[in-house]
file my_file.pdb (PDB, C-alpha atoms)
ATOM      1  CA  MET A   1      11.966   9.068  -5.668
ATOM      2  CA  GLY A   2      11.688  12.305  -3.751
ATOM      3  CA  GLU A   3      11.568  12.329   0.031
ATOM      4  CA  VAL A   4       8.082  12.143   1.517
ATOM      5  CA  ASN A   5       7.240  14.367   4.461
ATOM      6  CA  LEU A   6       5.132  11.829   6.341
ATOM      7  CA  TYR A   7       4.409  14.163   9.260
ATOM      8  CA  HIS A   8       2.801  16.658   6.892
ATOM      9  CA  LEU A   9       0.949  14.082   4.859
ATOM     10  CA  HIS A  10      -0.482  12.225   7.840
ATOM     11  CA  SER A  11      -2.299  15.402   8.809
ATOM     12  CA  ARG A  12      -4.272  15.202   5.548
ATOM     13  CA  LYS A  13      -7.250  12.931   5.074
ATOM     14  CA  CYS A  14      -6.129   9.996   2.970
ATOM     15  CA  SER A  15      -8.851   9.064   0.492
ATOM     16  CA  PHE A  16      -8.805   5.606  -1.037
ATOM     17  CA  ARG A  17     -11.200   2.965  -2.245
ATOM     18  CA  PRO A  18     -11.094   0.280   0.437
ATOM     19  CA  LEU A  19     -11.713  -3.426   0.066
ATOM     20  CA  ILE A  20     -14.873  -4.037   2.070
ATOM     21  CA  THR A  21     -14.981  -7.051   4.384
ATOM     22  CA  LYS A  22     -17.697  -7.929   6.868
ATOM     23  CA  ASP A  23     -16.010  -5.926   9.615
ATOM     24  CA  MET A  24     -13.228  -3.739   8.201
ATOM     25  CA  ASP A  25     -12.047  -1.810   5.175
ATOM     26  CA  ILE A  26      -8.741  -3.289   3.997
ATOM     27  CA  PRO A  27      -6.305  -0.792   2.413
ATOM     28  CA  VAL A  28      -6.086  -0.934  -1.367
ATOM     29  CA  ILE A  29      -2.966   0.529  -2.970
ATOM     30  CA  ASP A  30      -3.579   1.604  -6.579
ATOM     31  CA  PHE A  31      -0.230   1.834  -8.342
ATOM     32  CA  ASN A  32      -1.798   4.054 -11.014
ATOM     33  CA  ASN A  33      -1.938   6.723  -8.311
ATOM     34  CA  LEU A  34       1.841   6.721  -7.863
ATOM     35  CA  ASN A  35       2.105   9.059 -10.832
ATOM     36  CA  GLY A  36       0.315  12.390 -10.603
ATOM     37  CA  GLU A  37      -1.479  14.396  -7.979
ATOM     38  CA  ARG A  38      -2.119  11.440  -5.649
ATOM     39  CA  THR A  39       1.468  10.197  -5.460
ATOM     40  CA  ASP A  40       2.217  11.409  -1.932
ATOM     41  CA  GLU A  41      -1.208  10.383  -0.680
ATOM     42  CA  THR A  42      -0.688   6.850  -2.021
ATOM     43  CA  LYS A  43       2.723   6.571  -0.364
ATOM     44  CA  VAL A  44       1.195   7.581   2.945
ATOM     45  CA  LEU A  45      -1.546   4.982   2.519
ATOM     46  CA  LEU A  46       1.098   2.321   1.910
ATOM     47  CA  HIS A  47       3.018   3.451   4.999
ATOM     48  CA  GLU A  48      -0.109   3.253   7.149
ATOM     49  CA  ALA A  49      -1.007  -0.158   5.725
ATOM     50  CA  CYS A  50       2.442  -1.530   6.641
ATOM     51  CA  GLU A  51       2.465   0.188  10.024
ATOM     52  CA  LYS A  52      -1.066  -0.473  11.252
ATOM     53  CA  TRP A  53      -2.220  -3.510   9.276
ATOM     54  CA  GLY A  54       0.656  -5.588   7.950
ATOM     55  CA  PHE A  55      -1.405  -6.464   4.866
ATOM     56  CA  PHE A  56      -3.044  -4.727   1.921
ATOM     57  CA  MET A  57      -4.254  -5.205  -1.655
ATOM     58  CA  VAL A  58      -2.381  -3.873  -4.701
ATOM     59  CA  GLU A  59      -4.227  -2.966  -7.902
ATOM     60  CA  ASN A  60      -2.747  -1.953 -11.277
ATOM     61  CA  HIS A  61       0.481  -3.582 -10.164
ATOM     62  CA  GLY A  62       1.945  -4.146 -13.626
ATOM     63  CA  VAL A  63       1.897  -7.954 -13.571
ATOM     64  CA  ASP A  64       0.304  -9.239 -16.768
ATOM     65  CA  LYS A  65      -3.232 -10.423 -15.974
ATOM     66  CA  GLU A  66      -3.396 -12.968 -18.784
ATOM     67  CA  LEU A  67      -0.193 -14.481 -17.442
ATOM     68  CA  MET A  68      -1.717 -14.586 -13.964
ATOM     69  CA  GLU A  69      -4.765 -16.416 -15.318
ATOM     70  CA  LYS A  70      -2.551 -18.935 -17.080
ATOM     71  CA  VAL A  71      -0.590 -19.593 -13.881
ATOM     72  CA  LYS A  72      -3.819 -20.240 -11.993
ATOM     73  CA  GLN A  73      -5.106 -22.553 -14.710
ATOM     74  CA  LEU A  74      -1.887 -24.575 -14.757
ATOM     75  CA  VAL A  75      -1.844 -24.922 -10.975
ATOM     76  CA  ASN A  76      -5.493 -25.998 -10.859
ATOM     77  CA  MET A  77      -4.873 -28.501 -13.636
ATOM     78  CA  HIS A  78      -1.810 -29.906 -11.864
ATOM     79  CA  TYR A  79      -3.790 -30.308  -8.642
ATOM     80  CA  GLU A  80      -6.667 -32.127 -10.333
ATOM     81  CA  MET A  81      -4.348 -34.450 -12.250
ATOM     82  CA  ASN A  82      -1.625 -35.156  -9.701
ATOM     83  CA  MET A  83      -2.528 -34.072  -6.151
ATOM     84  CA  LYS A  84      -6.245 -34.283  -5.436
ATOM     85  CA  GLU A  85      -6.669 -38.059  -5.312
ATOM     86  CA  SER A  86      -3.569 -38.630  -3.211
ATOM     87  CA  PHE A  87      -4.619 -35.926  -0.746
ATOM     88  CA  TYR A  88      -7.955 -37.567   0.025
ATOM     89  CA  LYS A  89      -6.092 -40.863   0.568
ATOM     90  CA  SER A  90      -3.514 -39.223   2.845
ATOM     91  CA  GLU A  91      -3.134 -39.625   6.606
ATOM     92  CA  ILE A  92      -4.453 -36.088   7.019
ATOM     93  CA  ALA A  93      -7.761 -36.978   5.364
ATOM     94  CA  LYS A  94      -7.969 -40.310   7.163
ATOM     95  CA  GLY A  95      -7.321 -38.623  10.490
ATOM     96  CA  LEU A  96     -10.189 -36.225   9.961
ATOM     97  CA  GLU A  97     -12.481 -39.027   8.818
ATOM     98  CA  ASN A  98     -11.667 -40.986  11.967
ATOM     99  CA  LYS A  99     -12.061 -37.842  14.101
ATOM    100  CA  GLY A 100      -8.555 -38.108  15.473
ATOM    101  CA  ASN A 101      -6.430 -35.252  16.850
ATOM    102  CA  THR A 102      -6.503 -32.520  14.175
ATOM    103  CA  SER A 103      -4.978 -29.701  16.224
ATOM    104  CA  ASN A 104      -1.535 -30.140  14.668
ATOM    105  CA  ILE A 105      -2.419 -30.691  11.000
ATOM    106  CA  ASP A 106      -3.244 -28.417   8.075
ATOM    107  CA  TRP A 107      -5.929 -29.243   5.512
ATOM    108  CA  GLU A 108      -3.808 -28.313   2.515
ATOM    109  CA  SER A 109      -2.100 -29.882  -0.477
ATOM    110  CA  SER A 110       1.002 -27.930  -1.452
ATOM    111  CA  PHE A 111       4.494 -27.846  -2.899
ATOM    112  CA  PHE A 112       7.265 -25.249  -2.946
ATOM    113  CA  ILE A 113       9.147 -23.825  -5.917
ATOM    114  CA  TRP A 114      12.490 -22.064  -5.495
ATOM    115  CA  HIS A 115      13.217 -19.362  -8.086
ATOM    116  CA  ARG A 116      16.188 -17.363  -6.774
ATOM    117  CA  PRO A 117      19.080 -17.627  -6.349
ATOM    118  CA  THR A 118      18.641 -21.046  -7.995
ATOM    119  CA  SER A 119      15.533 -22.791  -9.295
ATOM    120  CA  ASN A 120      14.302 -26.270  -8.447
ATOM    121  CA  ILE A 121      11.388 -26.295 -10.885
ATOM    122  CA  ASP A 122      13.059 -28.793 -13.225
ATOM    123  CA  GLN A 123      13.276 -31.244 -10.337
ATOM    124  CA  LEU A 124       9.540 -31.220  -9.607
ATOM    125  CA  LYS A 125       7.586 -34.151 -10.979
ATOM    126  CA  ASN A 126       4.531 -34.269 -13.246
ATOM    127  CA  LEU A 127       4.419 -30.568 -14.095
ATOM    128  CA  GLN A 128       2.834 -29.644 -17.427
ATOM    129  CA  LYS A 129       5.234 -28.917 -20.270
ATOM    130  CA  ASP A 130       4.876 -25.130 -20.169
ATOM    131  CA  PHE A 131       4.458 -24.821 -16.384
ATOM    132  CA  GLY A 132       8.095 -23.886 -15.767
ATOM    133  CA  LYS A 133       8.309 -21.288 -18.531
ATOM    134  CA  THR A 134       4.997 -19.693 -17.534
ATOM    135  CA  MET A 135       5.906 -19.578 -13.867
ATOM    136  CA  GLU A 136       9.319 -18.057 -14.597
ATOM    137  CA  GLU A 137       7.708 -15.281 -16.665
ATOM    138  CA  TYR A 138       5.251 -14.615 -13.862
ATOM    139  CA  ILE A 139       7.928 -14.602 -11.151
ATOM    140  CA  ALA A 140      10.123 -12.149 -13.079
ATOM    141  CA  GLN A 141       7.237  -9.659 -13.014
ATOM    142  CA  VAL A 142       6.372 -10.366  -9.370
ATOM    143  CA  ILE A 143       9.987  -9.729  -8.341
ATOM    144  CA  LYS A 144       9.829  -6.320 -10.030
ATOM    145  CA  LEU A 145       6.672  -5.579  -8.031
ATOM    146  CA  ALA A 146       8.302  -6.757  -4.785
ATOM    147  CA  GLU A 147      11.314  -4.527  -5.403
ATOM    148  CA  LYS A 148       9.100  -1.561  -6.210
ATOM    149  CA  LEU A 149       7.196  -2.128  -2.970
ATOM    150  CA  SER A 150      10.443  -2.508  -1.038
ATOM    151  CA  ASP A 151      11.765   0.783  -2.412
ATOM    152  CA  LEU A 152       8.516   2.544  -1.504
ATOM    153  CA  MET A 153       8.842   1.105   2.004
ATOM    154  CA  CYS A 154      12.424   2.359   2.163
ATOM    155  CA  GLU A 155      11.342   5.840   1.134
ATOM    156  CA  ASN A 156       8.516   5.876   3.672
ATOM    157  CA  LEU A 157      10.876   4.717   6.427
ATOM    158  CA  GLY A 158      13.491   7.331   5.527
ATOM    159  CA  LEU A 159      15.966   4.729   4.265
ATOM    160  CA  GLU A 160      17.951   5.018   1.068
ATOM    161  CA  LYS A 161      16.523   3.404  -2.050
ATOM    162  CA  GLY A 162      17.472  -0.259  -2.325
ATOM    163  CA  TYR A 163      18.191  -0.678   1.402
ATOM    164  CA  ILE A 164      15.798  -3.620   1.871
ATOM    165  CA  LYS A 165      17.042  -5.407  -1.237
ATOM    166  CA  GLU A 166      20.631  -4.959  -0.095
ATOM    167  CA  ALA A 167      19.801  -6.126   3.440
ATOM    168  CA  PHE A 168      18.096  -9.224   2.011
ATOM    169  CA  SER A 169      20.982 -10.028  -0.327
ATOM    170  CA  GLY A 170      23.508 -12.710   0.430
ATOM    171  CA  GLU A 171      26.254 -13.454  -2.048
ATOM    172  CA  LYS A 172      23.705 -14.050  -4.816
ATOM    173  CA  GLY A 173      20.905 -11.613  -3.965
ATOM    174  CA  PRO A 174      17.578 -12.075  -2.145
ATOM    175  CA  ALA A 175      15.852 -15.458  -2.022
ATOM    176  CA  VAL A 176      12.563 -15.882  -3.877
ATOM    177  CA  GLY A 177      10.243 -18.874  -3.701
ATOM    178  CA  THR A 178       6.585 -19.717  -4.189
ATOM    179  CA  LYS A 179       4.326 -21.901  -2.090
ATOM    180  CA  VAL A 180       1.692 -23.374  -4.388
ATOM    181  CA  ALA A 181      -1.279 -24.601  -2.373
ATOM    182  CA  LYS A 182      -4.791 -25.887  -2.712
ATOM    183  CA  TYR A 183      -7.103 -26.055   0.280
ATOM    184  CA  PRO A 184      -9.411 -28.919  -0.734
ATOM    185  CA  LYS A 185     -13.092 -29.177   0.023
ATOM    186  CA  CYS A 186     -13.328 -30.277   3.629
ATOM    187  CA  PRO A 187     -16.184 -32.472   4.892
ATOM    188  CA  GLN A 188     -15.781 -31.225   8.476
ATOM    189  CA  PRO A 189     -14.303 -27.721   8.383
ATOM    190  CA  ARG A 190     -15.021 -27.050  12.053
ATOM    191  CA  LEU A 191     -12.536 -29.724  13.080
ATOM    192  CA  VAL A 192      -9.471 -28.530  11.200
ATOM    193  CA  ARG A 193      -7.723 -25.445   9.852
ATOM    194  CA  GLY A 194      -6.706 -25.115   6.240
ATOM    195  CA  LEU A 195      -3.517 -23.578   7.658
ATOM    196  CA  ARG A 196      -2.925 -22.901  11.331
ATOM    197  CA  GLU A 197      -2.321 -19.445  12.790
ATOM    198  CA  HIS A 198       1.159 -18.066  12.068
ATOM    199  CA  THR A 199       3.179 -15.072  10.955
ATOM    200  CA  ASP A 200       5.419 -15.392   7.901
ATOM    201  CA  ALA A 201       9.122 -15.755   8.620
ATOM    202  CA  GLY A 202      10.362 -13.854   5.572
ATOM    203  CA  GLY A 203      10.075 -10.433   3.972
ATOM    204  CA  ILE A 204       7.380  -9.403   1.487
ATOM    205  CA  ILE A 205       4.720 -11.953   0.534
ATOM    206  CA  LEU A 206       2.768 -11.467  -2.703
ATOM    207  CA  LEU A 207      -0.334 -13.633  -3.010
ATOM    208  CA  LEU A 208      -2.239 -14.590  -6.122
ATOM    209  CA  GLN A 209      -5.325 -16.214  -4.666
ATOM    210  CA  ASP A 210      -8.659 -17.725  -5.548
ATOM    211  CA  ASP A 211     -11.317 -15.470  -7.048
ATOM    212  CA  GLN A 212     -14.234 -17.584  -5.791
ATOM    213  CA  VAL A 213     -13.452 -19.498  -2.599
ATOM    214  CA  PRO A 214     -12.794 -17.628   0.687
ATOM    215  CA  GLY A 215     -10.805 -18.783   3.693
ATOM    216  CA  LEU A 216      -7.882 -16.398   4.348
ATOM    217  CA  GLU A 217      -8.137 -14.459   7.608
ATOM    218  CA  PHE A 218      -5.834 -11.915   9.290
ATOM    219  CA  PHE A 219      -5.834 -10.908  12.963
ATOM    220  CA  LYS A 220      -6.386  -7.179  13.450
ATOM    221  CA  ASP A 221      -7.429  -5.210  16.533
ATOM    222  CA  GLY A 222      -8.342  -8.291  18.512
ATOM    223  CA  LYS A 223     -10.433 -10.055  15.902
ATOM    224  CA  TRP A 224     -10.102 -12.110  12.735
ATOM    225  CA  VAL A 225     -10.670 -10.225   9.492
ATOM    226  CA  GLU A 226     -11.959 -12.244   6.552
ATOM    227  CA  ILE A 227     -10.060 -11.526   3.332
ATOM    228  CA  PRO A 228     -12.509 -11.994   0.448
ATOM    229  CA  PRO A 229     -11.574 -13.779  -2.776
ATOM    230  CA  THR A 230      -9.522 -11.539  -5.060
ATOM    231  CA  LYS A 231     -11.237  -9.946  -8.039
ATOM    232  CA  ASN A 232      -9.567  -8.693 -11.228
ATOM    233  CA  ASN A 233      -6.272 -10.362 -10.292
ATOM    234  CA  ALA A 234      -5.291  -7.829  -7.682
ATOM    235  CA  ILE A 235      -2.345  -9.034  -5.596
ATOM    236  CA  PHE A 236      -2.675  -9.388  -1.842
ATOM    237  CA  VAL A 237       0.488  -8.428   0.067
ATOM    238  CA  ASN A 238       1.570  -8.971   3.631
ATOM    239  CA  THR A 239       4.801  -8.187   5.434
ATOM    240  CA  GLY A 240       6.777 -10.887   7.247
ATOM    241  CA  ASP A 241       8.910 -11.056  10.372
ATOM    242  CA  GLN A 242      12.080  -9.785   8.655
ATOM    243  CA  ILE A 243      10.408  -6.529   7.591
ATOM    244  CA  GLU A 244       9.268  -6.025  11.186
ATOM    245  CA  ILE A 245      12.817  -6.616  12.422
ATOM    246  CA  LEU A 246      14.473  -4.470   9.752
ATOM    247  CA  SER A 247      12.038  -1.593  10.404
ATOM    248  CA  ASN A 248      12.670  -1.859  14.153
ATOM    249  CA  GLY A 249       9.001  -2.663  14.713
ATOM    250  CA  THR A 250       7.591   0.221  12.679
ATOM    251  CA  TYR A 251       6.101  -2.218  10.181
ATOM    252  CA  LYS A 252       4.361  -5.344  11.407
ATOM    253  CA  SER A 253       4.100  -8.990  10.491
ATOM    254  CA  CYS A 254       0.522 -10.033  11.108
ATOM    255  CA  LEU A 255      -0.931 -13.288  12.425
ATOM    256  CA  HIS A 256      -3.043 -15.056   9.812
ATOM    257  CA  ARG A 257      -4.665 -18.391   9.015
ATOM    258  CA  VAL A 258      -6.694 -20.230   6.399
ATOM    259  CA  MET A 259     -10.083 -21.677   7.267
ATOM    260  CA  ALA A 260     -11.186 -24.949   5.711
ATOM    261  CA  ASP A 261     -14.233 -24.763   3.449
ATOM    262  CA  LYS A 262     -16.967 -27.322   2.862
ATOM    263  CA  ASN A 263     -18.081 -26.008  -0.507
ATOM    264  CA  GLY A 264     -14.962 -25.071  -2.431
ATOM    265  CA  SER A 265     -11.300 -25.841  -3.057
ATOM    266  CA  ARG A 266      -9.286 -22.645  -2.525
ATOM    267  CA  LEU A 267      -6.227 -21.727  -4.631
ATOM    268  CA  SER A 268      -3.224 -19.940  -3.133
ATOM    269  CA  ILE A 269      -0.005 -18.996  -4.973
ATOM    270  CA  ALA A 270       2.160 -17.128  -2.457
ATOM    271  CA  THR A 271       5.519 -15.746  -3.602
ATOM    272  CA  PHE A 272       8.032 -14.918  -0.881
ATOM    273  CA  TYR A 273      10.586 -12.139  -1.431
ATOM    274  CA  ASN A 274      12.918 -13.114   1.394
ATOM    275  CA  PRO A 275      16.409 -12.576   2.738
ATOM    276  CA  ALA A 276      18.976 -15.017   1.422
ATOM    277  CA  GLY A 277      19.955 -17.714   3.872
ATOM    278  CA  ASP A 278      23.335 -16.054   4.458
ATOM    279  CA  ALA A 279      21.950 -12.515   4.779
ATOM    280  CA  ILE A 280      22.641 -10.862   8.142
ATOM    281  CA  ILE A 281      19.441  -9.208   9.373
ATOM    282  CA  SER A 282      19.231  -6.447  11.948
ATOM    283  CA  PRO A 283      17.188  -3.281  12.449
ATOM    284  CA  ALA A 284      18.246  -0.468  10.136
ATOM    285  CA  PRO A 285      20.543   1.733  12.281
ATOM    286  CA  LYS A 286      18.728   4.851  11.091
ATOM    287  CA  LEU A 287      15.494   3.538  12.648
ATOM    288  CA  LEU A 288      16.944   2.775  16.066
ATOM    289  CA  TYR A 289      16.368   5.110  18.975
ATOM    290  CA  PRO A 290      19.471   6.646  20.539
ATOM    291  CA  ASN A 291      20.762   4.507  23.393
ATOM    292  CA  HIS A 292      23.473   4.311  26.056
ATOM    293  CA  PHE A 293      23.536   8.019  26.842
ATOM    294  CA  ARG A 294      23.334   9.987  30.094
ATOM    295  CA  PHE A 295      20.084  11.807  30.705
ATOM    296  CA  GLN A 296      21.927  15.003  31.637
ATOM    297  CA  ASP A 297      23.496  15.022  28.169
ATOM    298  CA  TYR A 298      20.091  14.669  26.566
ATOM    299  CA  LEU A 299      18.873  17.592  28.664
ATOM    300  CA  LYS A 300      21.711  19.781  27.372
ATOM    301  CA  LEU A 301      20.585  19.130  23.815
ATOM    302  CA  TYR A 302      16.928  19.483  24.783
ATOM    303  CA  ALA A 303      17.565  22.933  26.244
ATOM    304  CA  THR A 304      18.566  24.213  22.817
ATOM    305  CA  SER A 305      15.883  22.376  20.839
ATOM    306  CA  LYS A 306      12.855  22.074  23.132
ATOM    307  CA  PHE A 307      10.464  23.703  20.688
ATOM    308  CA  ASP A 308      11.800  21.898  17.618
ATOM    309  CA  ASP A 309      10.677  18.541  16.275
ATOM    310  CA  LYS A 310      12.071  15.664  18.362
ATOM    311  CA  GLY A 311      13.206  13.654  15.305
ATOM    312  CA  PRO A 312      16.347  15.710  14.570
ATOM    313  CA  ARG A 313      17.083  15.729  18.311
ATOM    314  CA  PHE A 314      17.052  11.930  18.404
ATOM    315  CA  GLU A 315      19.302  11.828  15.329
ATOM    316  CA  SER A 316      21.768  14.195  17.006
ATOM    317  CA  MET A 317      21.831  11.985  20.085
ATOM    318  CA  LYS A 318      22.499   8.902  17.966
ATOM    319  CA  LYS A 319      25.436  10.651  16.307
ATOM    320  CA  MET A 320      26.767  11.754  19.675
ATOM    321  CA  CYS A 321      26.493   8.209  21.028
ATOM    322  CA  SER A 322      28.360   6.813  18.040
ATOM    323  CA  GLY A 323      31.103   9.444  18.283
ATOM    324  CA  GLN A 324      30.205  11.182  15.014
ATOM    325  CA  GLU A 325      29.809  14.562  16.682
ATOM    326  CA  GLY A 326      31.262  16.323  19.663
ATOM    327  CA  VAL A 327      30.130  14.151  22.561
ATOM    328  CA  LEU A 328      28.585  15.877  25.541
ATOM    329  CA  PHE A 329      29.771  13.216  28.034
TER     330      PHE A 329
END
call {"tool": "encode", "arguments": {"input": "my_file.pdb", "output": "structure tokens"}}
result
Amino acid sequence: MGEVNLYHLHSRKCSFRPLITKDMDIPVIDFNNLNGERTDETKVLLHEACEKWGFFMVENHGVDKELMEKVKQLVNMHYEMNMKESFYKSEIAKGLENKGNTSNIDWESSFFIWHRPTSNIDQLKNLQKDFGKTMEEYIAQVIKLAEKLSDLMCENLGLEKGYIKEAFSGEKGPAVGTKVAKYPKCPQPRLVRGLREHTDAGGIILLLQDDQVPGLEFFKDGKWVEIPPTKNNAIFVNTGDQIEILSNGTYKSCLHRVMADKNGSRLSIATFYNPAGDAIISPAPKLLYPNHFRFQDYLKLYATSKFDDKGPRFESMKKMCSGQEGVLF
């Protein structure tokens, strides 16, 4: 991919079709626009979504929609056959019924599938015969989407292609897993959260969610933003703590929660494209400000570049501090 001049592009009005919520317009990234006249504009929109929101919707993402529907059907079937009854008999449900302390519980029924570097799907009980094969086909496509997003993020941040994937890789590559969850109908939704407020620990989270039942909310500009049910199998994406760390705070992980619902049982299939457990995470050196220099040395450089963009000046200072150029000390 060619380098994007973000300074130039940010000065242009970025036109996009937003996802309308009650209070805000959530960014929608249309991957069809990555080829053609709107390529640069779409990259800028993605950059702004990661920088100012920490979440966005992706349309025309390349994941097969029939496959997505099949995954949802299999998960819903598994819940009805193997999880629903036991949930309503659980201590969580009993605690709510008895109006006990619900501040430290989540009104959810879930399980976790590991895909990479090794899979645990064969160890999970009571899954339908074709669940594993269908999920593996789906995950292979979702990983491609995650890696495409990560490379676009790299380009927007001025990092080399593949930097995030490499940073996330341990000996066997990045870790990928899926939290499969249902948020059952709740008789007293004011007393409990579907899932309490949190940021995600990992990297890039790609959510296939319910197309009917609401509940997901993200915290933006001092208030909770309701994320509506997803139509046409768009994929909802948010960035986790490791992307914030790697980008040196340029991109954000955003606080979010799930509200319990009295009228519907919400589906959530969240795939996490994460660092491997043995990956060493740190801010990308290219994104760090120069540090440990004397102000008088900065002033010497400033005197010769006062009317130039500050970015190259900061880069020169970083090189001086690391001994890559003639040091002014």
call {"tool": "resolve_selection", "arguments": {"input": "my_file.pdb", "expression": "the PyMOL selection byres ((chain A and resi 293) around 10)", "output": "ChimeraX atom specification"}}
result
/A:290-292,294-298,317-318,320-321,327-329
call {"tool": "write_last_selection", "arguments": {"input": "my_file.pdb", "atoms": "C-alpha atoms", "output": "CSV table (one decimal), keeping the file's coordinate frame"}}
result
chain,number,residue,atom,x,y,z
A,290,PRO,CA,19.5,6.6,20.5
A,291,ASN,CA,20.8,4.5,23.4
A,292,HIS,CA,23.5,4.3,26.1
A,294,ARG,CA,23.3,10.0,30.1
A,295,PHE,CA,20.1,11.8,30.7
A,296,GLN,CA,21.9,15.0,31.6
A,297,ASP,CA,23.5,15.0,28.2
A,298,TYR,CA,20.1,14.7,26.6
A,317,MET,CA,21.8,12.0,20.1
A,318,LYS,CA,22.5,8.9,18.0
A,320,MET,CA,26.8,11.8,19.7
A,321,CYS,CA,26.5,8.2,21.0
A,327,VAL,CA,30.1,14.2,22.6
A,328,LEU,CA,28.6,15.9,25.5
A,329,PHE,CA,29.8,13.2,28.0
call {"tool": "closest_residue", "arguments": {"input": "my_file.pdb", "among": "A:Met68, A:Leu74, A:Met57, A:Leu149", "to": "A:Leu34", "atoms": "all atoms listed in the file"}}
result
A:Leu149
call {"tool": "resolve_selection", "arguments": {"input": "my_file.pdb", "expression": "the PyMOL selection byres ((chain A and resi 211) around 6)", "output": "VMD selection string"}}
result
chain A and resid 210 212 229 to 231
call {"tool": "atom_distance", "arguments": {"input": "my_file.pdb", "atom1": "atom CA of A:Glu171", "atom2": "atom CA of A:His115"}}
result
15.5 Å
call {"tool": "resolve_selection", "arguments": {"input": "my_file.pdb", "expression": "the PyMOL selection byres ((chain A and resi 138) around 9)", "output": "ChimeraX atom specification"}}
result
/A:63-64,67-68,71,133-137,139-143
call {"tool": "closest_residue", "arguments": {"input": "my_file.pdb", "among": "A:Arg313, A:Lys144, A:His78, A:Lys286", "to": "A:Val180", "atoms": "all atoms listed in the file"}}
result
A:His78
call {"tool": "residues_around", "arguments": {"input": "my_file.pdb", "residues": "A:Gln128", "least_positions_apart": "2", "cutoff": "9 Å", "atoms": "all atoms listed in the file", "output": "PDB file with C-alpha atoms, keeping the file's coordinate frame"}}
result
ATOM      1  CA  LEU A  74      -1.887 -24.575 -14.757  1.00  0.00           C
ATOM      2  CA  MET A  77      -4.873 -28.501 -13.636  1.00  0.00           C
ATOM      3  CA  HIS A  78      -1.810 -29.906 -11.864  1.00  0.00           C
ATOM      4  CA  ASN A 126       4.531 -34.269 -13.246  1.00  0.00           C
ATOM      5  CA  ASP A 130       4.876 -25.130 -20.169  1.00  0.00           C
ATOM      6  CA  PHE A 131       4.458 -24.821 -16.384  1.00  0.00           C
ATOM      7  CA  GLY A 132       8.095 -23.886 -15.767  1.00  0.00           C
TER       8      GLY A 132
END
call {"tool": "residues_around", "arguments": {"input": "my_file.pdb", "residues": "A:Ile92", "least_positions_apart": "2", "cutoff": "8 Å", "atoms": "only C-alpha atoms", "output": "list in words"}}
result
Phe87, Tyr88, Ser90, Lys94, Gly95, Leu96, Ile105, Asp106 and Trp107 of chain A
call {"tool": "atom_distance", "arguments": {"input": "my_file.pdb", "atom1": "atom CA of A:Gly311", "atom2": "atom CA of A:Glu166"}}
result
25.3 Å
call {"tool": "residues_around", "arguments": {"input": "my_file.pdb", "residues": "A:His256", "least_positions_apart": "3", "cutoff": "9 Å", "atoms": "all atoms listed in the file", "output": "PyMOL selection string"}}
result
chain A and resi 195-200+216-219+224
call {"tool": "atom_distance", "arguments": {"input": "my_file.pdb", "atom1": "atom CA of A:Ser268", "atom2": "atom CA of A:Gly162"}}
result
28.6 Å
call {"tool": "closest_residue", "arguments": {"input": "my_file.pdb", "among": "A:Thr271, A:Gln188, A:Asn248, A:Ser316", "to": "A:Leu287", "atoms": "all atoms listed in the file"}}
result
A:Asn248
call {"tool": "closest_residue", "arguments": {"input": "my_file.pdb", "among": "A:Glu80, A:Asp278, A:Glu315, A:Asp40", "to": "A:Glu155", "atoms": "only C-alpha atoms"}}
result
A:Asp40
call {"tool": "closest_residue", "arguments": {"input": "my_file.pdb", "among": "A:Met153, A:Leu124, A:Ile113, A:Ile243", "to": "A:Leu45", "atoms": "only C-alpha atoms"}}
result
A:Met153
call {"tool": "decode", "arguments": {"input": "my_file.pdb", "residues": "stretch 244-252 of chain A", "atoms": "N, CA and C atoms", "output": "PDB file, in the first residue's frame"}}
result
ATOM      1  N   GLU A 244      -3.726   0.154  21.860  1.00  0.00           N
ATOM      2  CA  GLU A 244      -3.448   1.458  22.475  1.00  0.00           C
ATOM      3  C   GLU A 244      -1.988   1.539  22.908  1.00  0.00           C
ATOM      4  N   ILE A 245      -1.479   0.477  23.510  1.00  0.00           N
ATOM      5  CA  ILE A 245      -0.084   0.472  23.953  1.00  0.00           C
ATOM      6  C   ILE A 245       0.860   0.526  22.757  1.00  0.00           C
ATOM      7  N   LEU A 246       0.635  -0.325  21.772  1.00  0.00           N
ATOM      8  CA  LEU A 246       1.518  -0.396  20.612  1.00  0.00           C
ATOM      9  C   LEU A 246       1.551   0.930  19.853  1.00  0.00           C
ATOM     10  N   SER A 247       0.399   1.614  19.792  1.00  0.00           N
ATOM     11  CA  SER A 247       0.326   2.893  19.065  1.00  0.00           C
ATOM     12  C   SER A 247       0.741   4.072  19.938  1.00  0.00           C
ATOM     13  N   ASN A 248       1.243   3.788  21.127  1.00  0.00           N
ATOM     14  CA  ASN A 248       1.670   4.831  22.060  1.00  0.00           C
ATOM     15  C   ASN A 248       0.527   5.795  22.379  1.00  0.00           C
ATOM     16  N   GLY A 249      -0.681   5.252  22.460  1.00  0.00           N
ATOM     17  CA  GLY A 249      -1.840   6.051  22.842  1.00  0.00           C
ATOM     18  C   GLY A 249      -2.534   6.766  21.702  1.00  0.00           C
ATOM     19  N   THR A 250      -2.021   6.619  20.483  1.00  0.00           N
ATOM     20  CA  THR A 250      -2.690   7.260  19.341  1.00  0.00           C
ATOM     21  C   THR A 250      -4.054   6.642  19.109  1.00  0.00           C
ATOM     22  N   TYR A 251      -4.124   5.311  19.143  1.00  0.00           N
ATOM     23  CA  TYR A 251      -5.395   4.614  19.042  1.00  0.00           C
ATOM     24  C   TYR A 251      -5.858   4.226  20.444  1.00  0.00           C
ATOM     25  N   LYS A 252      -7.151   4.103  20.627  1.00  0.00           N
ATOM     26  CA  LYS A 252      -7.708   3.944  21.957  1.00  0.00           C
ATOM     27  C   LYS A 252      -8.479   2.638  22.111  1.00  0.00           C
TER      28      LYS A 252
END
